[in-house]
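> This is protein.tsv (TSV, C-alpha atoms).
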chain	number	residue	atom	x	y	z
A	57	MET	CA	-15.55	11.09	10.63
A	58	LEU	CA	-11.78	10.77	10.79
A	59	SER	CA	-10.11	8.17	13.00
A	60	THR	CA	-7.46	8.85	15.62
A	61	TRP	CA	-4.96	7.02	13.40
A	62	ALA	CA	-5.67	9.26	10.40
A	63	LEU	CA	-5.34	12.43	12.46
A	64	GLU	CA	-2.14	11.27	14.15
A	65	THR	CA	-0.66	10.20	10.81
A	66	PHE	CA	-1.64	13.13	8.58
A	67	GLY	CA	-2.58	15.89	11.00
A	68	PRO	CA	-5.07	18.62	10.06
A	69	ARG	CA	-4.78	17.70	6.36
A	70	ALA	CA	-6.09	14.17	6.96
A	71	GLU	CA	-9.53	14.76	5.43
A	72	GLN	CA	-8.05	16.47	2.37
A	73	ILE	CA	-5.55	13.66	1.88
A	74	ARG	CA	-8.13	10.92	2.34
A	75	HIS	CA	-10.39	12.58	-0.24
A	76	GLY	CA	-7.44	13.01	-2.61
A	77	VAL	CA	-6.55	9.32	-2.41
A	78	ALA	CA	-10.11	8.30	-3.28
A	79	GLU	CA	-10.30	10.77	-6.17
A	80	ALA	CA	-6.92	9.73	-7.58
A	81	LEU	CA	-7.77	6.03	-7.57
A	82	ALA	CA	-11.21	6.67	-9.07
A	83	LEU	CA	-9.55	8.61	-11.90
A	84	ALA	CA	-6.98	5.86	-12.47
A	85	LEU	CA	-9.74	3.25	-12.67
A	86	GLU	CA	-11.75	5.37	-15.08
A	87	ASN	CA	-8.71	5.78	-17.34
A	88	ALA	CA	-8.06	2.03	-17.23
A	89	GLN	CA	-11.65	1.25	-18.16
A	90	ASP	CA	-11.45	3.72	-21.06
A	91	ALA	CA	-8.29	2.01	-22.29
A	92	GLN	CA	-10.00	-1.38	-22.16
A	93	LYS	CA	-13.01	-0.11	-24.13
A	94	THR	CA	-10.82	1.56	-26.73
A	95	ALA	CA	-8.75	-1.60	-27.23
A	96	ARG	CA	-11.88	-3.60	-28.16
A	97	THR	CA	-10.43	-6.86	-26.86
A	98	ASP	CA	-11.59	-9.42	-24.35
A	99	HIS	CA	-8.08	-9.67	-22.92
A	100	LEU	CA	-7.56	-7.45	-19.89
A	101	HIS	CA	-4.03	-6.31	-20.69
A	102	PRO	CA	-5.06	-2.73	-21.62
A	103	PHE	CA	-6.93	-2.33	-18.34
A	104	GLY	CA	-4.14	-3.82	-16.25
A	105	PHE	CA	-1.21	-1.96	-17.76
A	106	THR	CA	-3.05	1.38	-17.71
A	107	LEU	CA	-4.07	0.96	-14.09
A	108	MET	CA	-0.58	-0.09	-13.04
A	109	SER	CA	0.82	3.22	-14.28
A	110	ARG	CA	-2.06	5.59	-13.73
A	111	LYS	CA	-2.58	4.87	-10.03
A	112	PHE	CA	0.89	6.20	-9.25
A	113	GLU	CA	0.62	9.11	-11.69
A	114	ALA	CA	-2.77	10.18	-10.37
A	115	LEU	CA	-1.57	10.14	-6.75
A	116	ALA	CA	1.55	12.13	-7.67
A	117	ARG	CA	-0.42	14.76	-9.56
A	118	THR	CA	-3.07	15.00	-6.87
A	119	PHE	CA	-0.56	15.86	-4.14
A	120	ALA	CA	2.24	17.49	-6.17
A	121	ASP	CA	1.36	21.02	-5.05
A	122	MET	CA	0.75	20.19	-1.40
A	123	ALA	CA	3.30	21.36	1.15
A	124	ASP	CA	5.86	18.86	2.45
A	125	VAL	CA	5.54	16.48	-0.53
A	126	GLU	CA	8.35	14.56	-2.19
A	127	ILE	CA	7.98	12.47	-5.34
A	128	ILE	CA	10.61	9.74	-5.73
A	129	LYS	CA	11.24	7.52	-8.74
A	130	PRO	CA	13.28	4.39	-7.94
A	131	PRO	CA	15.84	3.32	-10.58
A	132	GLY	CA	14.45	0.92	-13.14
A	133	SER	CA	10.87	1.96	-12.40
A	134	GLN	CA	8.54	4.06	-14.50
A	135	HIS	CA	6.39	4.82	-11.48
A	136	GLU	CA	6.55	7.62	-8.95
A	137	LEU	CA	6.04	7.17	-5.22
A	138	VAL	CA	4.49	9.92	-3.12
A	139	VAL	CA	5.97	10.81	0.27
A	140	LEU	CA	3.55	13.13	2.01
A	141	GLY	CA	4.46	14.64	5.36
A	142	GLY	CA	6.84	11.75	6.04
A	143	ASN	CA	4.30	9.11	4.92
A	144	LEU	CA	5.05	7.04	1.84
A	145	LEU	CA	1.82	6.13	0.04
A	146	PHE	CA	1.84	2.72	-1.63
A	147	PRO	CA	-1.29	1.62	-3.54
A	148	PHE	CA	-1.92	-2.01	-4.49
A	149	ARG	CA	-4.86	-4.06	-5.66
A	150	TYR	CA	-5.79	-6.78	-3.18
A	151	ALA	CA	-8.87	-8.21	-4.94
A	152	LYS	CA	-10.86	-8.15	-8.16
A	153	ASP	CA	-14.20	-8.41	-6.36
A	154	ARG	CA	-15.69	-8.35	-2.86
A	155	SER	CA	-15.23	-12.07	-2.24
A	156	VAL	CA	-11.82	-11.40	-0.63
A	157	SER	CA	-11.60	-9.55	2.68
A	158	VAL	CA	-8.97	-6.87	3.03
A	159	VAL	CA	-7.92	-8.70	6.21
A	160	ASN	CA	-6.53	-11.38	3.88
A	161	ALA	CA	-4.89	-8.92	1.50
A	162	ARG	CA	-1.58	-9.83	-0.10
A	163	ILE	CA	0.91	-7.73	-2.03
A	164	GLY	CA	0.52	-9.31	-5.46
A	165	ASP	CA	0.23	-12.96	-6.41
A	166	GLY	CA	3.84	-13.96	-6.00
A	167	ARG	CA	7.04	-13.11	-4.20
A	168	PRO	CA	7.23	-9.41	-3.29
A	169	SER	CA	9.80	-7.47	-5.31
A	170	GLY	CA	13.02	-6.17	-3.81
A	171	LEU	CA	11.54	-2.68	-3.64
A	172	VAL	CA	8.43	-3.87	-1.80
A	173	GLN	CA	10.55	-5.78	0.71
A	174	ALA	CA	12.72	-2.71	1.26
A	175	LEU	CA	9.69	-0.51	1.82
A	176	PHE	CA	8.40	-2.76	4.58
A	177	SER	CA	11.74	-3.40	6.23
A	178	ARG	CA	12.73	0.28	6.29
A	179	PHE	CA	9.43	2.03	6.81
A	180	GLY	CA	6.88	-0.55	7.99
A	181	PRO	CA	5.66	-0.82	11.60
A	182	GLN	CA	7.49	-2.65	14.35
A	183	PRO	CA	6.44	-6.34	14.20
A	184	TRP	CA	3.98	-7.35	16.92
A	185	ALA	CA	5.51	-10.82	17.24
A	186	GLU	CA	8.78	-12.47	16.35
A	187	GLN	CA	8.53	-14.11	12.93
A	188	LEU	CA	9.17	-17.84	12.70
A	189	ALA	CA	10.86	-19.81	9.96
A	190	LEU	CA	8.45	-20.21	7.02
A	191	GLY	CA	8.50	-23.42	5.02
A	192	GLY	CA	12.00	-24.24	6.17
A	193	VAL	CA	13.34	-20.88	5.02
A	194	GLU	CA	14.58	-18.45	7.65
A	195	ALA	CA	12.45	-15.32	7.60
A	196	ALA	CA	14.94	-12.99	9.24
A	197	LEU	CA	17.55	-12.33	6.56
A	198	PRO	CA	18.96	-9.03	5.24
A	199	GLU	CA	16.88	-7.12	2.72
A	200	PRO	CA	18.01	-7.29	-0.93
A	201	ALA	CA	20.38	-4.50	-1.99
A	202	THR	CA	18.65	-3.73	-5.29
A	203	PRO	CA	19.05	-0.33	-6.99
A	204	ALA	CA	15.42	0.44	-6.13
A	205	ALA	CA	16.02	-0.42	-2.47
A	206	ARG	CA	19.17	1.69	-2.34
A	207	ALA	CA	17.21	4.67	-3.67
A	208	LEU	CA	15.13	4.63	-0.48
A	209	THR	CA	18.13	5.33	1.71
A	210	ARG	CA	17.87	9.05	1.04
A	211	LEU	CA	14.48	9.17	2.73
A	212	PRO	CA	14.43	9.96	6.48
A	213	GLU	CA	14.47	6.92	8.76
A	214	ASP	CA	11.22	8.00	10.40
A	215	THR	CA	9.30	7.76	7.09
A	216	ARG	CA	6.15	5.66	7.57
A	217	LEU	CA	4.75	3.26	4.99
A	218	VAL	CA	1.01	3.82	4.48
A	219	LEU	CA	-0.63	1.08	2.43
A	220	ILE	CA	-3.59	1.84	0.17
A	221	ALA	CA	-5.39	-1.43	-0.62
A	222	TYR	CA	-8.18	-1.38	-3.18
A	223	ALA	CA	-10.50	-3.81	-4.94
A	224	CYS	CA	-11.55	-3.25	-8.53
A	225	ASN	CA	-12.22	-4.84	-11.90
A	226	ALA	CA	-12.62	-3.71	-15.49
A	227	ARG	CA	-16.40	-4.02	-15.47
A	228	ALA	CA	-17.39	-2.56	-12.09
A	229	GLY	CA	-14.47	-0.17	-11.61
A	230	LEU	CA	-13.38	0.80	-8.10
A	231	LEU	CA	-15.20	-1.27	-5.47
A	232	ASP	CA	-13.57	-0.18	-2.21
A	233	VAL	CA	-10.42	1.41	-0.80
A	234	TRP	CA	-8.68	0.92	2.55
A	235	TRP	CA	-5.59	2.42	4.11
A	236	GLY	CA	-3.45	1.68	7.12
A	237	GLU	CA	-0.20	0.07	8.25
A	238	ALA	CA	0.84	-3.58	8.14
A	239	GLU	CA	3.74	-6.00	8.44
A	240	LEU	CA	4.90	-8.06	5.49
A	241	LEU	CA	4.87	-11.58	6.93
A	242	ASP	CA	6.41	-13.84	4.32
A	243	ARG	CA	7.56	-14.40	0.77
A	244	THR	CA	4.01	-14.82	-0.52
A	245	GLY	CA	3.12	-11.20	0.30
A	246	SER	CA	0.85	-11.97	3.26
A	247	LEU	CA	0.14	-9.02	5.54
A	248	HIS	CA	-0.56	-8.54	9.24
A	249	TRP	CA	-2.50	-5.30	9.64
A	250	HIS	CA	-1.72	-3.07	12.59
A	251	HIS	CA	-4.41	-0.64	11.51
A	252	CYS	CA	-6.81	-0.77	8.55
A	253	GLU	CA	-9.81	1.43	7.81
A	254	GLU	CA	-12.02	2.08	4.84
A	255	ILE	CA	-11.79	5.22	2.75
A	256	PRO	CA	-15.25	6.42	1.68
A	257	LEU	CA	-15.71	6.69	-2.06
A	258	ALA	CA	-17.60	9.49	-3.79
A	259	GLY	CA	-21.34	8.98	-3.32
A	260	ALA	CA	-20.84	6.13	-0.85
A	261	LEU	CA	-22.11	5.87	2.69
A	262	PRO	CA	-19.69	6.85	5.46
A	263	ALA	CA	-16.92	4.34	6.00
A	264	GLY	CA	-17.27	1.68	8.66
A	265	LEU	CA	-15.17	1.32	11.78
A	266	PRO	CA	-11.51	0.34	11.49
A	267	LEU	CA	-10.84	-3.39	11.23
A	268	VAL	CA	-7.91	-3.05	13.61
A	269	ALA	CA	-8.25	-0.50	16.36
A	270	PRO	CA	-5.44	1.93	17.14
A	271	ALA	CA	-4.18	2.36	20.67
A	272	GLY	CA	-6.86	3.48	23.11
A	273	GLN	CA	-9.80	2.34	20.96
A	274	GLU	CA	-11.83	-0.86	20.92
A	275	SER	CA	-12.14	-3.07	17.88
A	276	PRO	CA	-15.74	-3.59	16.67
A	277	PHE	CA	-14.87	-7.23	15.97
A	278	ALA	CA	-13.73	-8.21	19.43
A	279	GLY	CA	-15.10	-8.12	22.92
A	280	GLY	CA	-12.08	-6.35	24.38
A	281	ALA	CA	-9.58	-3.72	23.44
A	282	MET	CA	-6.99	-4.61	20.82
A	283	PRO	CA	-3.32	-4.55	21.83
A	284	ALA	CA	-1.76	-1.17	21.20
A	285	PRO	CA	0.54	-1.32	18.16
A	286	GLU	CA	3.98	0.23	18.33
A	287	LEU	CA	4.11	2.42	15.25
A	288	ASN	CA	7.36	4.23	16.00
A	289	PRO	CA	10.07	3.72	13.37
A	290	ARG	CA	12.42	0.81	13.89
A	291	PRO	CA	16.13	1.34	14.48
A	292	ARG	CA	18.33	0.55	11.50
A	293	HIS	CA	19.78	-2.66	13.03
A	294	GLU	CA	16.25	-4.09	13.46
A	295	ARG	CA	15.17	-3.19	9.94
A	296	ALA	CA	18.16	-4.92	8.47
A	297	THR	CA	16.81	-8.35	9.44
A	298	ALA	CA	13.10	-7.84	8.90
A	299	LEU	CA	12.52	-9.68	5.63
A	300	PRO	CA	13.80	-12.65	3.66
A	301	ALA	CA	16.35	-12.09	0.96
A	302	THR	CA	15.55	-12.51	-2.69
A	303	GLY	CA	17.39	-12.04	-5.93
A	304	GLU	CA	17.13	-8.74	-7.74
A	305	ALA	CA	13.92	-8.66	-9.70
A	306	PRO	CA	12.35	-6.13	-12.09
A	307	TYR	CA	10.25	-3.59	-10.26
A	308	ALA	CA	6.54	-4.38	-10.24
A	309	PRO	CA	4.41	-2.22	-7.94
A	310	ASP	CA	1.99	-5.03	-7.13
A	311	ALA	CA	4.66	-7.73	-7.49
A	312	ALA	CA	2.86	-9.03	-10.54
A	313	ALA	CA	3.27	-8.47	-14.24
A	314	TYR	CA	0.09	-6.46	-14.58
A	315	GLU	CA	-3.17	-5.78	-12.79
A	316	GLY	CA	-5.44	-7.29	-15.36
A	317	ARG	CA	-4.63	-10.80	-14.22
Can you turn what I pasted into structure tokens?


Amino acid sequence: MLSTWALETFGPRAEQIRHGVAEALALALENAQDAQKTARTDHLHPFGFTLMSRKFEALARTFADMADVEIIKPPGSQHELVVLGGNLLFPFRYAKDRSVSVVNARIGDGRPSGLVQALFSRFGPQPWAEQLALGGVEAALPEPATPAARALTRLPEDTRLVLIAYACNARAGLLDVWWGEAELLDRTGSLHWHHCEEIPLAGALPAGLPLVAPAGQESPFAGGAMPAPELNPRPRHERATALPATGEAPYAPDAAAYEGR
């Protein structure tokens, strides 16, 4: 059963898109596992590098023929980003097993890249609370003007960033997949989810209830209704001060060298 958030975000194609996301990631994981087996090494570099590329390629090919789709390739990146009906899909691995909850998901293991910061500041949801200074460093500084960030300026201002968080490893493959919207809180890649719900995988039981309830619904993890998130796009002057600055860095989709870490 589709959630109100999914229907409001993707419209009548929501079920098709949700299924396509699951299929694309499953294919990417299968390809990465094949690469690891072929390499005949205990090091996970073949798995990680293959997955890092294939997850973007599989999503792009899955939705390439769908109406109202744009595929963008930021300068300096070998990876394509899918913008579907005004929603930019960004996949990232948040865990290698089920010991980490998606609630504690982070974008990579280090400082988010300039592109990732630009994605959140331009297209992420309106923050629920004013950010405070983190570790003595002011959080509200202009976003970095990297070539990858500048490439995003041609997208409409009302584009929405839809995160696709997944857990996987070379042995077990794809463990689970979630999607939703979140704020980027700090330089470590910590997230604050406004909405997060599981995407059912092929052969799996129906997905559970959303972890964060959209407006008008009640969270299954709280006794009362969750505050209604404001998901309308932010004005340009607010986006300009949403994230801390950082020097220009090579583009890494998960803000890490590779996914086999």

> Need to verify the contact set: Ala223 of chain A, 9 Å, only C-alpha atoms, exclusion of same-chain residues closer than 2 positions in sequence. Can you return it as a list in words?

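Here the qualifying residues turn out to be Phe148, Arg149, Tyr150, Ala151, Lys152, Asp153, Arg154, Val156, Val158, Ala221, Asn225, Gly229, Leu230, Leu231, Asp232 and Val233 of chain A.
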
> From the options A:Phe112, A:Phe119, A:Phe103, A:Trp249, which residue's atoms come nearest to Gln72 of chain A, counting all atoms listed in the file?

A:Phe119

> Could you check which of A:Ala80, A:Ala88, A:Cys224, A:Val125 is closest to Met108 of chain A, using all atoms listed in the file?

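Of the candidates, the smallest distance to Met108 of chain A is held by A:Ala88.
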
> When you draw a straight line from atom CA of Pro131 of chain A to atom CA of Gly245 of chain A, how long is it in Å?

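Between atom CA of Pro131 of chain A and atom CA of Gly245 of chain A the gap works out to 22.2 Å.
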
> Could you state the separation of atom CA of Ala174 of chain A and atom CA of Ala207 of chain A in Å, given to one decimal place?

9.9 Å

> So the first atom is atom CA of Trp235 of chain A and the second is atom CA of Ala70 of chain A; what is the distance between them in Å, to one decimal place?

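Here the two named atoms are 12.1 Å from each other.
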
> Between A:Arg167, A:Thr94, A:Glu86, A:Val218, which is the closest to Leu137 of chain A once you count all atoms listed in the file?

A:Val218

> For each of A:Leu85, A:Glu213, A:Leu247, A:Leu240, take the minimum atom-to-atom distance to Ser109 of chain A, counting all atoms listed in the file, then give the residue where this is smallest.

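Closest residue, counting all atoms listed in the file: A:Leu85.
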
> Using only C-alpha atoms, pick whichever of A:Ala228, A:Arg243, A:Ala258, A:Ala123 has the shortest atom-to-atom distance to Arg69 of chain A.

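That would be A:Ala123, the residue with the smallest distance to Arg69 of chain A.
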
> (-10.6, 4.6, -19.6) in this file's frame - what residues fall within 12 Å of it? Use all atoms listed in the file and give the answer as an MDAnalysis selection string.

chainID A and resid 82:96 102:107 110 226:227 229

> Could you check which of A:Pro168, A:Gly180, A:Gly142, A:Pro130 is closest to Phe66 of chain A, using only C-alpha atoms?

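Once distances to Phe66 of chain A are computed over only C-alpha atoms, the minimum belongs to A:Gly142.
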
> Specify the axis-aligned box that encloses all atoms of segment 80-97 of chain A listed in the file after padding of 4 Å on each side, stating its centre and edge lengths in Å to one decimal as JSON.


{"center_x": -10.0, "center_y": 1.4, "center_z": -17.9, "size_x": 14.1, "size_y": 24.6, "size_z": 28.6}
